[in-house]
Amino acid sequence: MSTERGFRYIDREKSWLAFNARVLQEAADESVPLLERLRFIGIFSNNLDEFFRVRFAAIRRLNLSGISGEKILGGISAPQLIKDITEIVIKQQTESLKILNVIERELVKHNIIIINENEVLSQHENYIKDFFIQKISPELVTIILNDLAEFPLLKDASGYLAVKLVMKAESKSKMLGLLKKAKSETRYAVIEIPKTTNRIVELPQIEGKQYLMMLDDLIRYNLSSIFNIFDYESISAHMIKITRDAQLDIDSDMSKSMLEKIAISVKDRRIGEPVRFVYDEHIEKDTLKFFLSKMGIDASDGVIPGGRYHNRRDYMNFPNLGRFDLLYPPRMPLPVEGLSLDGSLLNKIAQKDYLINAPFQSFSYLIKFLREAALDPRVTAIKITLYRLAKNSQIISSLINAAKNGKKVTVQIELQARFDEASNISYAEQMQQEGIELIFGIKGLKVHSKICLIDRIEEGKLKRYGFISTGNFNETTARIYTDLTLFTSHQQILKDVAKIFDFFDVNYRIHRYKHLIVSPHYTRSRFSKLIDREINNAIMGRPAYINLKMNSISDYPFIDKLYEASNAGVKIKLQVRGICSLIPGVKGMSENIEAVSIVDYFLEHTRSYIFCNNNNPEVFISSADFMTRNLDGRVEVTCPIYDDEIKKQIIDTFNIGWKGNVKARYHSEKFENKYRIREDGEPVYRAQHETYNYYRDRLDFCEIPPQEKKQ
């Protein structure tokens with residue numbers, strides 16, 4: 001927390017780690033199905049990797065620059081924050097290992113047994129050896145390290161086994177022709193764990209029991225086969241993992257295209273400075289010392305002891321083993337009331353706006369919208385912004401299909417979407433080959449908006465259709481990320497959308513927008529005015545409230561503005577999944593503010609903003625969080641909702657989330673992550689379940705997927 005600012009804000013990084021602790025709570029929760037708990041262990045590990053590659057790396061750079069960073073970091077120095085983070089992470093890692101051990105013991109009760117190399121049954125020996133020879137051995141990269149002039153580059157997306165071989169002293173004496181016993185020689189090697197095979201290997205069942213083995217242990221079991229040319233007396237292998245700074249250094253060479261610059265920068269990222277080194281705490285001291293010394297790693301790089309296995313993000317893909325009794329029941333995405341995937345979407349949207357709330361409702365409407373536009377003879381042009389895309393994107397194939405049908409397709413693709421750069425470069429090259437016009441963003445600004453615009457000629461006149469969303473156009477993440485998408489033919493809103501694409505083309509011209517709120521030019525001022533209106537209404541004794549749902553809030557001026565509103569008597573409800581630098585419930589500062597975080601089987605990604613406006617609510621959906629980067633450093637779009645029925649949906653679903661008393665935790669300055677406690681007699685209310693039921697209950701019985709119909 002900021003001491004310089006009088007404990008008005010919570011440290012962003014610690015708040016982020018508190019969010020990851022909430023993910024870990026899900027892994028520990030006995031009410032969560034066992035295999036889902038393993039998935040949360042994977043999410044926790046993946047989140048931590050990303051934290052070190054981005055957030056910790058930035059603090060480390062600040063620390064190395066010799067700047068204390070207190071003003072930038074909100075009152076805490078970079079060295080102290082590094083120390084605090086390391087302590088928190090070590091504690092969380094220890095907790096995650098305890099939880100994992102509990103889960104594995106519970107799996108045994110369900111006849112699912114994870115074995116290591118010392119627990120192999122005789123019935124599995126031949127299978128494991130054959131599996132290694134046929135599938136693993138050809139993929140292994142094994143490097144003997146002692147005699148290398150330069151230590152090999154270890155990649156931060158990979159796991160490694162650090163191998164120690166103690167050679168037989170007798171063999172060395174014979175080689176040297178000595179009568180006296182020679183001192184044992186130690187050799188070190190590193191094995192990269194291949195990614196071509198699932199990390200969790202399924203072994204043949206025995207008497208109804210399912211056996212699994214980590215790929216790391218399968219390799220350990222076959223160490224004698226790998227190092228059979230060495231005459232050693234002992235061999236050991238312990239896992240290590242390196243995390244590197246993920247910052248992109250963009251070349252300023254004007255002769256290179258943006259595509260080339262990003263491609264080079266992504267390639268160079270693999271040699272970024274180490275920011276974290278995680279090791280098996282049972283590794284021998286001399287082995288650890290050898291690797292740290294050779295890699296030039298010191299304590300400021302986040303040296304963290306861990307368990308036997310790292311890269312536990314692979315648990316996100318833990319095999320289901322056909323054990324659907326240990327998974328959440330699947331829920332089919334629902335259709336949207338009055339909107340059929342069989343008929344023309346454009347004709348329906350011409351009559352009224354529609355809202356899609358994925359994954360409760362089907363993301364397929366977006367694909368259908370683009371595919372229909374690709375074939376419609378009256379459609380002349382499609383424009384869209386793309387940030388993160390699925391591995392085999394149906395969005396891209398739809399756009400290529402449109403280009404092949406003679407439509408003018410313009411795509412603004414963000415090449416600097418963190419960790420998706422390589423994928424976006426590949427898609428950009430693919431689209432270029434198909435004649436799609438590409439826009440690669442604006443210098444100094446990421447394009448994070450989620451917008452699409454279609455031009456259609458109707459009765460000789462231009463009519464526009466489009467959609468505006470809170471999340472990425474990614475059919476994979478749409479299964480697990482909650483997001484809102486508005487389909488509209490509101491011509492004035494879409495005229496504003498067209499201006500945004502004009503801004504991409506000629507970005508020295510700042511447009512005025514009549515309906516949309518657009519970063520970096522207007523979001524801060526417009527939202528400040530909306531908050532001011534609530535303050536004035538509260539002072540005048542009128543109804544005044546603000547209900548905000550977002551991923552993160554960390555912009556200090558906005559937090560101060562909400563504190564001001566709280567002191568004026570405005571009731572403020574915040575649903576903030578991740579970082580919350582605002583401290584709620586402090587008398588004289590934020591006593592009228594409550595803040596909760598919902599972490600459940602879907603990832604809460606929706607951004608919706610509701611302002612009372614004297615009981616005539618103004619409702620918005622947005623791509624922007626209340627973070628400085630979203631307000632001032634990106635192109636973001638916030639869209640007003642004018643349709644009364646859609647307004648009601650957004651207000652209703654916010655209220656459903658607010659009533660949640662199962663997976664909702666309170667934000668606080670002490671990071672306790674306390675669950676919202678049910679009052680005496682209050683029924684269990686699980687927000688994501690109830691949101692699904694809300695949309696299901698809006699449908700006619702015949703529209704509901706068969707497996708979701710009420711019994």
# chains A, B, ... in the order shown; residues from 1 in each chain; ligands from 1
$ residues_around --residues "A:Phe40" --least-positions-apart "2" --cutoff "7 Å" --atoms "only C-alpha atoms" --output "list in words"
Val23, Leu24, Glu26, Ala27, Glu36, Arg37, Leu38, Gly42, Ile43 and Phe44 of chain A
$ residues_around --residues "A:Cys580" --least-positions-apart "2" --cutoff "9 Å" --atoms "only C-alpha atoms" --output "list in words"
Tyr9, Ile10, Asp11, Arg12, Ser15, Trp16, Asn551, Ser552, Ile553, Ser554, Val576, Arg577, Gly578, Leu582, Ile583, Ala595, His667 and Ser668 of chain A
$ write_last_selection --atoms "all heavy atoms" --output "compact mmCIF listing (two decimals), in the first residue's frame"
# COMPACT_ATOMS: atom_id res chain seq x y z
N TYR A 9 -4.16 3.69 -1.58
CA TYR A 9 -4.15 2.74 -2.70
C TYR A 9 -3.44 1.45 -2.30
O TYR A 9 -2.55 1.46 -1.44
CB TYR A 9 -3.42 3.33 -3.92
CG TYR A 9 -3.77 4.76 -4.20
CD1 TYR A 9 -2.85 5.78 -3.95
CD2 TYR A 9 -5.02 5.10 -4.69
CE1 TYR A 9 -3.17 7.10 -4.20
CE2 TYR A 9 -5.35 6.43 -4.93
CZ TYR A 9 -4.43 7.42 -4.68
OH TYR A 9 -4.76 8.72 -4.92
N ILE A 10 -3.82 0.40 -2.95
CA ILE A 10 -3.17 -0.90 -2.77
C ILE A 10 -2.18 -1.10 -3.91
O ILE A 10 -2.45 -0.74 -5.05
CB ILE A 10 -4.22 -2.04 -2.77
CG1 ILE A 10 -5.14 -1.90 -1.55
CG2 ILE A 10 -3.55 -3.40 -2.78
CD1 ILE A 10 -6.32 -2.84 -1.55
N ASP A 11 -1.01 -1.65 -3.58
CA ASP A 11 -0.01 -1.91 -4.62
C ASP A 11 -0.59 -2.79 -5.72
O ASP A 11 -1.22 -3.82 -5.45
CB ASP A 11 1.21 -2.64 -4.02
CG ASP A 11 1.90 -1.80 -2.96
OD1 ASP A 11 2.08 -0.60 -3.20
OD2 ASP A 11 2.25 -2.35 -1.90
N ARG A 12 -0.37 -2.38 -6.96
CA ARG A 12 -0.92 -3.12 -8.10
C ARG A 12 -0.42 -4.57 -8.11
O ARG A 12 -1.18 -5.51 -8.35
CB ARG A 12 -0.52 -2.44 -9.41
CG ARG A 12 -1.03 -1.02 -9.58
CD ARG A 12 -0.50 -0.42 -10.88
NE ARG A 12 -0.87 0.97 -11.07
CZ ARG A 12 -0.15 2.00 -10.66
NH1 ARG A 12 1.00 1.79 -10.04
NH2 ARG A 12 -0.56 3.23 -10.88
N SER A 15 -1.81 -6.65 -5.37
CA SER A 15 -3.23 -6.91 -5.65
C SER A 15 -3.37 -7.99 -6.71
O SER A 15 -4.27 -8.84 -6.65
CB SER A 15 -3.91 -5.62 -6.11
OG SER A 15 -5.28 -5.83 -6.32
N TRP A 16 -2.47 -7.96 -7.70
CA TRP A 16 -2.51 -9.01 -8.74
C TRP A 16 -2.21 -10.37 -8.12
O TRP A 16 -2.88 -11.37 -8.45
CB TRP A 16 -1.50 -8.70 -9.83
CG TRP A 16 -1.69 -9.55 -11.05
CD1 TRP A 16 -2.36 -9.23 -12.19
CD2 TRP A 16 -1.22 -10.89 -11.25
NE1 TRP A 16 -2.33 -10.28 -13.07
CE2 TRP A 16 -1.64 -11.31 -12.52
CE3 TRP A 16 -0.49 -11.77 -10.46
CZ2 TRP A 16 -1.36 -12.58 -13.03
CZ3 TRP A 16 -0.21 -13.04 -10.95
CH2 TRP A 16 -0.63 -13.42 -12.22
N ASN A 551 -12.17 -5.86 -15.15
CA ASN A 551 -11.07 -6.76 -14.79
C ASN A 551 -10.19 -6.15 -13.72
O ASN A 551 -9.73 -6.84 -12.81
CB ASN A 551 -10.22 -7.10 -16.02
CG ASN A 551 -10.98 -7.88 -17.05
OD1 ASN A 551 -11.63 -8.86 -16.73
ND2 ASN A 551 -10.93 -7.43 -18.29
N SER A 552 -9.88 -4.85 -13.86
CA SER A 552 -8.93 -4.21 -12.95
C SER A 552 -9.23 -2.74 -12.80
O SER A 552 -9.71 -2.09 -13.74
CB SER A 552 -7.49 -4.37 -13.48
OG SER A 552 -7.11 -5.72 -13.56
N ILE A 553 -8.91 -2.19 -11.61
CA ILE A 553 -8.94 -0.75 -11.38
C ILE A 553 -7.66 -0.37 -10.65
O ILE A 553 -7.42 -0.84 -9.53
CB ILE A 553 -10.21 -0.31 -10.61
CG1 ILE A 553 -10.15 1.19 -10.31
CG2 ILE A 553 -10.43 -1.13 -9.34
CD1 ILE A 553 -11.45 1.77 -9.81
N SER A 554 -6.83 0.44 -11.31
CA SER A 554 -5.55 0.81 -10.70
C SER A 554 -5.13 2.24 -11.01
O SER A 554 -4.05 2.65 -10.62
CB SER A 554 -4.45 -0.15 -11.18
OG SER A 554 -4.27 -0.06 -12.58
N VAL A 576 -14.73 -6.48 -9.44
CA VAL A 576 -13.41 -6.38 -10.05
C VAL A 576 -12.72 -7.73 -9.91
O VAL A 576 -12.34 -8.13 -8.80
CB VAL A 576 -12.56 -5.28 -9.38
CG1 VAL A 576 -11.22 -5.13 -10.10
CG2 VAL A 576 -13.30 -3.95 -9.35
N ARG A 577 -12.57 -8.42 -11.02
CA ARG A 577 -11.99 -9.76 -10.96
C ARG A 577 -10.53 -9.75 -10.47
O ARG A 577 -10.13 -10.56 -9.66
CB ARG A 577 -12.03 -10.42 -12.34
CG ARG A 577 -11.56 -11.87 -12.34
CD ARG A 577 -11.13 -12.33 -13.72
NE ARG A 577 -9.84 -11.80 -14.09
CZ ARG A 577 -9.52 -11.39 -15.31
NH1 ARG A 577 -10.42 -11.41 -16.27
NH2 ARG A 577 -8.32 -10.93 -15.58
N GLY A 578 -9.72 -8.82 -11.00
CA GLY A 578 -8.28 -8.89 -10.78
C GLY A 578 -7.76 -7.82 -9.86
O GLY A 578 -8.08 -7.78 -8.67
N LEU A 582 -8.02 0.22 -5.30
CA LEU A 582 -8.93 0.98 -4.44
C LEU A 582 -9.14 0.22 -3.14
O LEU A 582 -9.28 -1.02 -3.14
CB LEU A 582 -10.24 1.21 -5.17
CG LEU A 582 -11.38 1.92 -4.46
CD1 LEU A 582 -12.23 2.69 -5.47
CD2 LEU A 582 -12.28 0.93 -3.70
N ILE A 583 -9.15 0.93 -2.03
CA ILE A 583 -9.42 0.31 -0.72
C ILE A 583 -10.86 0.62 -0.33
O ILE A 583 -11.18 1.78 -0.03
CB ILE A 583 -8.45 0.83 0.36
CG1 ILE A 583 -7.00 0.64 -0.08
CG2 ILE A 583 -8.70 0.12 1.68
CD1 ILE A 583 -5.98 1.27 0.86
N ALA A 595 -16.46 -3.73 -2.78
CA ALA A 595 -15.79 -4.33 -3.95
C ALA A 595 -15.63 -5.82 -3.75
O ALA A 595 -15.15 -6.27 -2.70
CB ALA A 595 -14.43 -3.67 -4.17
N HIS A 667 -12.66 -7.60 -1.75
CA HIS A 667 -11.38 -6.93 -1.86
C HIS A 667 -11.10 -6.20 -0.55
O HIS A 667 -12.01 -5.59 0.04
CB HIS A 667 -11.40 -5.90 -2.99
CG HIS A 667 -11.28 -6.50 -4.36
ND1 HIS A 667 -10.11 -7.03 -4.84
CD2 HIS A 667 -12.20 -6.66 -5.36
CE1 HIS A 667 -10.29 -7.47 -6.08
NE2 HIS A 667 -11.56 -7.27 -6.41
N SER A 668 -9.85 -6.22 -0.10
CA SER A 668 -9.47 -5.47 1.10
C SER A 668 -7.99 -5.16 1.05
O SER A 668 -7.24 -5.73 0.26
CB SER A 668 -9.78 -6.28 2.36
OG SER A 668 -8.84 -7.34 2.51
$ select_by_dssp --residues "stretch 199-403 of chain A" --states "helix (DSSP H, G or I)" --output "VMD selection string"
chain A and resid 215 to 221 223 to 226 258 to 269 285 to 295 299 to 301 312 to 317 324 to 326 345 to 351 364 to 375 394 to 403
$ write_last_selection --atoms "C-alpha atoms" --output "JSON list (two decimals), in the first residue's frame"
[["chain", "number", "residue", "atom", "x", "y", "z"],
["A", 215, "LEU", "CA", 6.73, -36.94, -18.59],
["A", 216, "ASP", "CA", 9.56, -35.68, -16.36],
["A", 217, "ASP", "CA", 9.44, -38.93, -14.35],
["A", 218, "LEU", "CA", 9.18, -41.05, -17.47],
["A", 219, "ILE", "CA", 12.45, -39.44, -18.64],
["A", 220, "ARG", "CA", 14.01, -39.97, -15.19],
["A", 221, "TYR", "CA", 13.06, -43.64, -15.40],
["A", 223, "LEU", "CA", 18.13, -41.88, -17.59],
["A", 224, "SER", "CA", 20.30, -45.00, -17.85],
["A", 225, "SER", "CA", 19.30, -45.32, -21.50],
["A", 226, "ILE", "CA", 20.10, -41.66, -22.21],
["A", 258, "MET", "CA", 6.23, -3.00, -38.59],
["A", 259, "LEU", "CA", 5.72, -6.70, -39.35],
["A", 260, "GLU", "CA", 9.50, -7.19, -39.63],
["A", 261, "LYS", "CA", 10.24, -5.16, -36.51],
["A", 262, "ILE", "CA", 7.82, -7.11, -34.32],
["A", 263, "ALA", "CA", 9.01, -10.44, -35.75],
["A", 264, "ILE", "CA", 12.63, -9.58, -34.91],
["A", 265, "SER", "CA", 11.68, -8.34, -31.46],
["A", 266, "VAL", "CA", 9.71, -11.51, -30.66],
["A", 267, "LYS", "CA", 12.69, -13.59, -31.75],
["A", 268, "ASP", "CA", 15.00, -11.53, -29.54],
["A", 269, "ARG", "CA", 12.66, -11.99, -26.55],
["A", 285, "LYS", "CA", 23.61, -27.68, -3.51],
["A", 286, "ASP", "CA", 26.54, -28.12, -5.90],
["A", 287, "THR", "CA", 24.17, -28.68, -8.83],
["A", 288, "LEU", "CA", 22.18, -25.56, -7.99],
["A", 289, "LYS", "CA", 25.37, -23.53, -7.57],
["A", 290, "PHE", "CA", 26.68, -24.77, -10.94],
["A", 291, "PHE", "CA", 23.54, -23.73, -12.84],
["A", 292, "LEU", "CA", 23.12, -20.35, -11.12],
["A", 293, "SER", "CA", 26.78, -19.51, -11.71],
["A", 294, "LYS", "CA", 26.82, -20.58, -15.36],
["A", 295, "MET", "CA", 23.59, -18.69, -16.09],
["A", 299, "ALA", "CA", 19.17, -13.16, -5.83],
["A", 300, "SER", "CA", 17.65, -10.12, -7.58],
["A", 301, "ASP", "CA", 16.43, -12.42, -10.35],
["A", 312, "ARG", "CA", 2.42, -26.79, -13.75],
["A", 313, "ARG", "CA", 0.45, -24.76, -16.27],
["A", 314, "ASP", "CA", 0.36, -28.08, -18.14],
["A", 315, "TYR", "CA", -2.29, -29.16, -15.63],
["A", 316, "MET", "CA", -4.65, -26.90, -17.57],
["A", 317, "ASN", "CA", -4.64, -29.73, -20.13],
["A", 324, "PHE", "CA", -16.92, -36.81, -16.16],
["A", 325, "ASP", "CA", -17.95, -37.39, -12.54],
["A", 326, "LEU", "CA", -14.83, -35.43, -11.58],
["A", 345, "LEU", "CA", -28.73, -12.16, -38.84],
["A", 346, "LEU", "CA", -28.42, -8.92, -40.77],
["A", 347, "ASN", "CA", -32.16, -8.80, -41.43],
["A", 348, "LYS", "CA", -32.85, -9.34, -37.72],
["A", 349, "ILE", "CA", -30.28, -6.76, -36.59],
["A", 350, "ALA", "CA", -31.80, -4.26, -39.02],
["A", 351, "GLN", "CA", -34.92, -4.32, -36.83],
["A", 364, "SER", "CA", -21.30, -18.73, -33.01],
["A", 365, "TYR", "CA", -23.41, -15.65, -33.77],
["A", 366, "LEU", "CA", -20.23, -13.65, -34.44],
["A", 367, "ILE", "CA", -18.94, -16.25, -36.88],
["A", 368, "LYS", "CA", -22.35, -16.48, -38.55],
["A", 369, "PHE", "CA", -22.47, -12.65, -38.84],
["A", 370, "LEU", "CA", -19.12, -12.55, -40.68],
["A", 371, "ARG", "CA", -19.88, -15.56, -42.87],
["A", 372, "GLU", "CA", -23.21, -14.07, -43.91],
["A", 373, "ALA", "CA", -21.51, -10.78, -44.73],
["A", 374, "ALA", "CA", -18.88, -12.64, -46.78],
["A", 375, "LEU", "CA", -21.59, -14.11, -49.04],
["A", 394, "GLN", "CA", -12.79, -19.10, -37.85],
["A", 395, "ILE", "CA", -12.76, -15.30, -37.76],
["A", 396, "ILE", "CA", -9.74, -15.25, -40.09],
["A", 397, "SER", "CA", -11.23, -17.86, -42.43],
["A", 398, "SER", "CA", -14.46, -15.82, -42.61],
["A", 399, "LEU", "CA", -12.54, -12.65, -43.50],
["A", 400, "ILE", "CA", -10.53, -14.47, -46.17],
["A", 401, "ASN", "CA", -13.78, -15.89, -47.53],
["A", 402, "ALA", "CA", -15.15, -12.34, -47.75],
["A", 403, "ALA", "CA", -12.06, -11.13, -49.62]]
$ residues_around --residues "stretch 197-203 of chain A" --least-positions-apart "6" --cutoff "7 Å" --atoms "only C-alpha atoms" --output "list in words"
Tyr211, Leu212, Met213, Met214, Leu215, Asp314 and Phe318 of chain A
$ write_last_selection --atoms "all heavy atoms" --output "mmCIF file, in the first residue's frame"
data_model
loop_
_atom_site.group_PDB
_atom_site.id
_atom_site.type_symbol
_atom_site.label_atom_id
_atom_site.label_comp_id
_atom_site.auth_asym_id
_atom_site.auth_seq_id
_atom_site.Cartn_x
_atom_site.Cartn_y
_atom_site.Cartn_z
ATOM 1 N N TYR A 211 -3.676 -45.214 -14.245
ATOM 2 C CA TYR A 211 -2.334 -44.786 -13.841
ATOM 3 C C TYR A 211 -1.837 -43.686 -14.775
ATOM 4 O O TYR A 211 -2.028 -43.747 -15.995
ATOM 5 C CB TYR A 211 -1.368 -45.963 -13.864
ATOM 6 C CG TYR A 211 -1.614 -46.967 -12.758
ATOM 7 C CD1 TYR A 211 -2.537 -48.001 -12.919
ATOM 8 C CD2 TYR A 211 -0.937 -46.863 -11.544
ATOM 9 C CE1 TYR A 211 -2.774 -48.914 -11.902
ATOM 10 C CE2 TYR A 211 -1.170 -47.772 -10.517
ATOM 11 C CZ TYR A 211 -2.085 -48.790 -10.701
ATOM 12 O OH TYR A 211 -2.316 -49.694 -9.693
ATOM 13 N N LEU A 212 -1.202 -42.698 -14.164
ATOM 14 C CA LEU A 212 -0.629 -41.583 -14.909
ATOM 15 C C LEU A 212 0.812 -41.386 -14.469
ATOM 16 O O LEU A 212 1.184 -41.717 -13.341
ATOM 17 C CB LEU A 212 -1.411 -40.296 -14.648
ATOM 18 C CG LEU A 212 -2.901 -40.310 -14.968
ATOM 19 C CD1 LEU A 212 -3.585 -39.104 -14.337
ATOM 20 C CD2 LEU A 212 -3.126 -40.287 -16.465
ATOM 21 N N MET A 213 1.601 -40.792 -15.370
ATOM 22 C CA MET A 213 2.997 -40.513 -15.040
ATOM 23 C C MET A 213 3.391 -39.193 -15.688
ATOM 24 O O MET A 213 3.095 -38.962 -16.862
ATOM 25 C CB MET A 213 3.898 -41.645 -15.554
ATOM 26 C CG MET A 213 5.308 -41.620 -15.032
ATOM 27 S SD MET A 213 6.216 -43.102 -15.583
ATOM 28 C CE MET A 213 7.650 -43.022 -14.514
ATOM 29 N N MET A 214 4.040 -38.332 -14.914
ATOM 30 C CA MET A 214 4.549 -37.093 -15.483
ATOM 31 C C MET A 214 5.668 -37.424 -16.468
ATOM 32 O O MET A 214 6.486 -38.320 -16.222
ATOM 33 C CB MET A 214 5.077 -36.174 -14.390
ATOM 34 C CG MET A 214 4.021 -35.713 -13.407
ATOM 35 S SD MET A 214 2.763 -34.656 -14.163
ATOM 36 C CE MET A 214 3.722 -33.175 -14.459
ATOM 37 N N LEU A 215 5.698 -36.709 -17.575
ATOM 38 C CA LEU A 215 6.734 -36.935 -18.592
ATOM 39 C C LEU A 215 8.131 -36.781 -17.993
ATOM 40 O O LEU A 215 9.058 -37.512 -18.359
ATOM 41 C CB LEU A 215 6.537 -35.952 -19.749
ATOM 42 C CG LEU A 215 7.413 -36.125 -20.983
ATOM 43 C CD1 LEU A 215 7.328 -37.530 -21.542
ATOM 44 C CD2 LEU A 215 7.032 -35.104 -22.043
ATOM 45 N N ASP A 314 0.771 -26.926 -17.323
ATOM 46 C CA ASP A 314 0.357 -28.075 -18.137
ATOM 47 C C ASP A 314 -0.836 -28.802 -17.527
ATOM 48 O O ASP A 314 -1.526 -29.557 -18.214
ATOM 49 C CB ASP A 314 1.524 -29.048 -18.319
ATOM 50 C CG ASP A 314 2.641 -28.450 -19.163
ATOM 51 O OD1 ASP A 314 2.331 -27.619 -20.037
ATOM 52 O OD2 ASP A 314 3.816 -28.797 -18.960
ATOM 53 N N PHE A 318 -4.864 -31.257 -18.266
ATOM 54 C CA PHE A 318 -4.884 -32.571 -17.633
ATOM 55 C C PHE A 318 -5.951 -33.427 -18.322
ATOM 56 O O PHE A 318 -7.077 -32.971 -18.540
ATOM 57 C CB PHE A 318 -5.203 -32.434 -16.147
ATOM 58 C CG PHE A 318 -4.798 -33.620 -15.318
ATOM 59 C CD1 PHE A 318 -3.559 -33.665 -14.715
ATOM 60 C CD2 PHE A 318 -5.664 -34.695 -15.155
ATOM 61 C CE1 PHE A 318 -3.175 -34.758 -13.950
ATOM 62 C CE2 PHE A 318 -5.297 -35.787 -14.398
ATOM 63 C CZ PHE A 318 -4.052 -35.829 -13.784
#
$ closest_atom_pairs --of "stretch 576-672 of chain A" --to "stretch 491-501 of chain A" --cutoff "10 Å" --atoms "only C-alpha atoms" --output "JSON lines"
{"residue": "A:Val635", "atom": "CA", "partner": "A:Ile500", "partner_atom": "CA", "distance": 8.9}
{"residue": "A:Glu636", "atom": "CA", "partner": "A:Ile500", "partner_atom": "CA", "distance": 9.9}
{"residue": "A:Val637", "atom": "CA", "partner": "A:Val497", "partner_atom": "CA", "distance": 8.9}
{"residue": "A:Cys639", "atom": "CA", "partner": "A:Ile493", "partner_atom": "CA", "distance": 8.1}
{"residue": "A:Pro640", "atom": "CA", "partner": "A:Ile493", "partner_atom": "CA", "distance": 8.8}
$ residues_around --residues "A:Gly441" --least-positions-apart "3" --cutoff "12 Å" --atoms "only C-alpha atoms" --output "list in words"
Met258, Leu259, Thr385, Leu386, Tyr387, Val411, Gln412, Ile413, Glu414, Leu415, Gln416, Ala417, Leu438, Gly444, Leu445, Lys446, Val447, His448, Ser449, Ile500, Phe501, Asp502, Phe503, Phe504, Asp505, Val506, Asn507, Arg634 and Val635 of chain A
$ write_last_selection --atoms "C-alpha atoms" --output "PDB file, in the first residue's frame"
ATOM      1  CA  MET A 258       6.227  -3.005 -38.586  1.00  0.00           C
ATOM      2  CA  LEU A 259       5.723  -6.697 -39.349  1.00  0.00           C
ATOM      3  CA  THR A 385     -10.036  -4.898 -35.144  1.00  0.00           C
ATOM      4  CA  LEU A 386      -8.258  -8.056 -33.978  1.00  0.00           C
ATOM      5  CA  TYR A 387      -6.257  -8.480 -30.781  1.00  0.00           C
ATOM      6  CA  VAL A 411      -8.216  -5.523 -40.656  1.00  0.00           C
ATOM      7  CA  GLN A 412      -6.506  -3.635 -37.885  1.00  0.00           C
ATOM      8  CA  ILE A 413      -4.422  -6.355 -36.225  1.00  0.00           C
ATOM      9  CA  GLU A 414      -2.460  -5.607 -33.075  1.00  0.00           C
ATOM     10  CA  LEU A 415       1.011  -7.062 -33.572  1.00  0.00           C
ATOM     11  CA  GLN A 416       1.996  -6.201 -29.999  1.00  0.00           C
ATOM     12  CA  ALA A 417      -0.736  -8.233 -28.274  1.00  0.00           C
ATOM     13  CA  LEU A 438      -3.956  -4.541 -43.024  1.00  0.00           C
ATOM     14  CA  GLY A 444       2.766   4.637 -29.123  1.00  0.00           C
ATOM     15  CA  LEU A 445      -0.765   3.204 -28.873  1.00  0.00           C
ATOM     16  CA  LYS A 446      -1.976  -0.367 -28.699  1.00  0.00           C
ATOM     17  CA  VAL A 447      -5.340  -0.945 -30.340  1.00  0.00           C
ATOM     18  CA  HIS A 448      -7.372  -2.857 -27.766  1.00  0.00           C
ATOM     19  CA  SER A 449     -10.855  -1.962 -29.021  1.00  0.00           C
ATOM     20  CA  ILE A 500     -12.286   5.133 -35.483  1.00  0.00           C
ATOM     21  CA  PHE A 501     -11.156   3.277 -38.605  1.00  0.00           C
ATOM     22  CA  ASP A 502     -10.483   6.671 -40.212  1.00  0.00           C
ATOM     23  CA  PHE A 503      -8.332   7.499 -37.181  1.00  0.00           C
ATOM     24  CA  PHE A 504      -6.304   4.312 -37.775  1.00  0.00           C
ATOM     25  CA  ASP A 505      -5.599   5.555 -41.296  1.00  0.00           C
ATOM     26  CA  VAL A 506      -4.920   9.208 -40.472  1.00  0.00           C
ATOM     27  CA  ASN A 507      -4.059   9.283 -36.791  1.00  0.00           C
ATOM     28  CA  ARG A 634      -4.570   2.478 -25.930  1.00  0.00           C
ATOM     29  CA  VAL A 635      -7.374   2.809 -28.426  1.00  0.00           C
TER      30      VAL A 635
END
$ closest_residue --among "A:Ala568, A:Tyr695, A:Ile136, A:Val108" --to "A:Gln361" --atoms "only C-alpha atoms"
A:Tyr695
$ select_by_dssp --residues "stretch 379-426 of chain A" --states "strand (DSSP E)" --output "list in words"
Val379, Thr380, Ala381, Ile382, Lys383, Ile384, Thr385, Leu386, Lys408, Val409, Thr410, Val411, Gln412 and Ile413 of chain A
$ atom_distance --atom1 "atom CA of A:Gly66" --atom2 "atom CA of A:Ala78"
9.2 Å
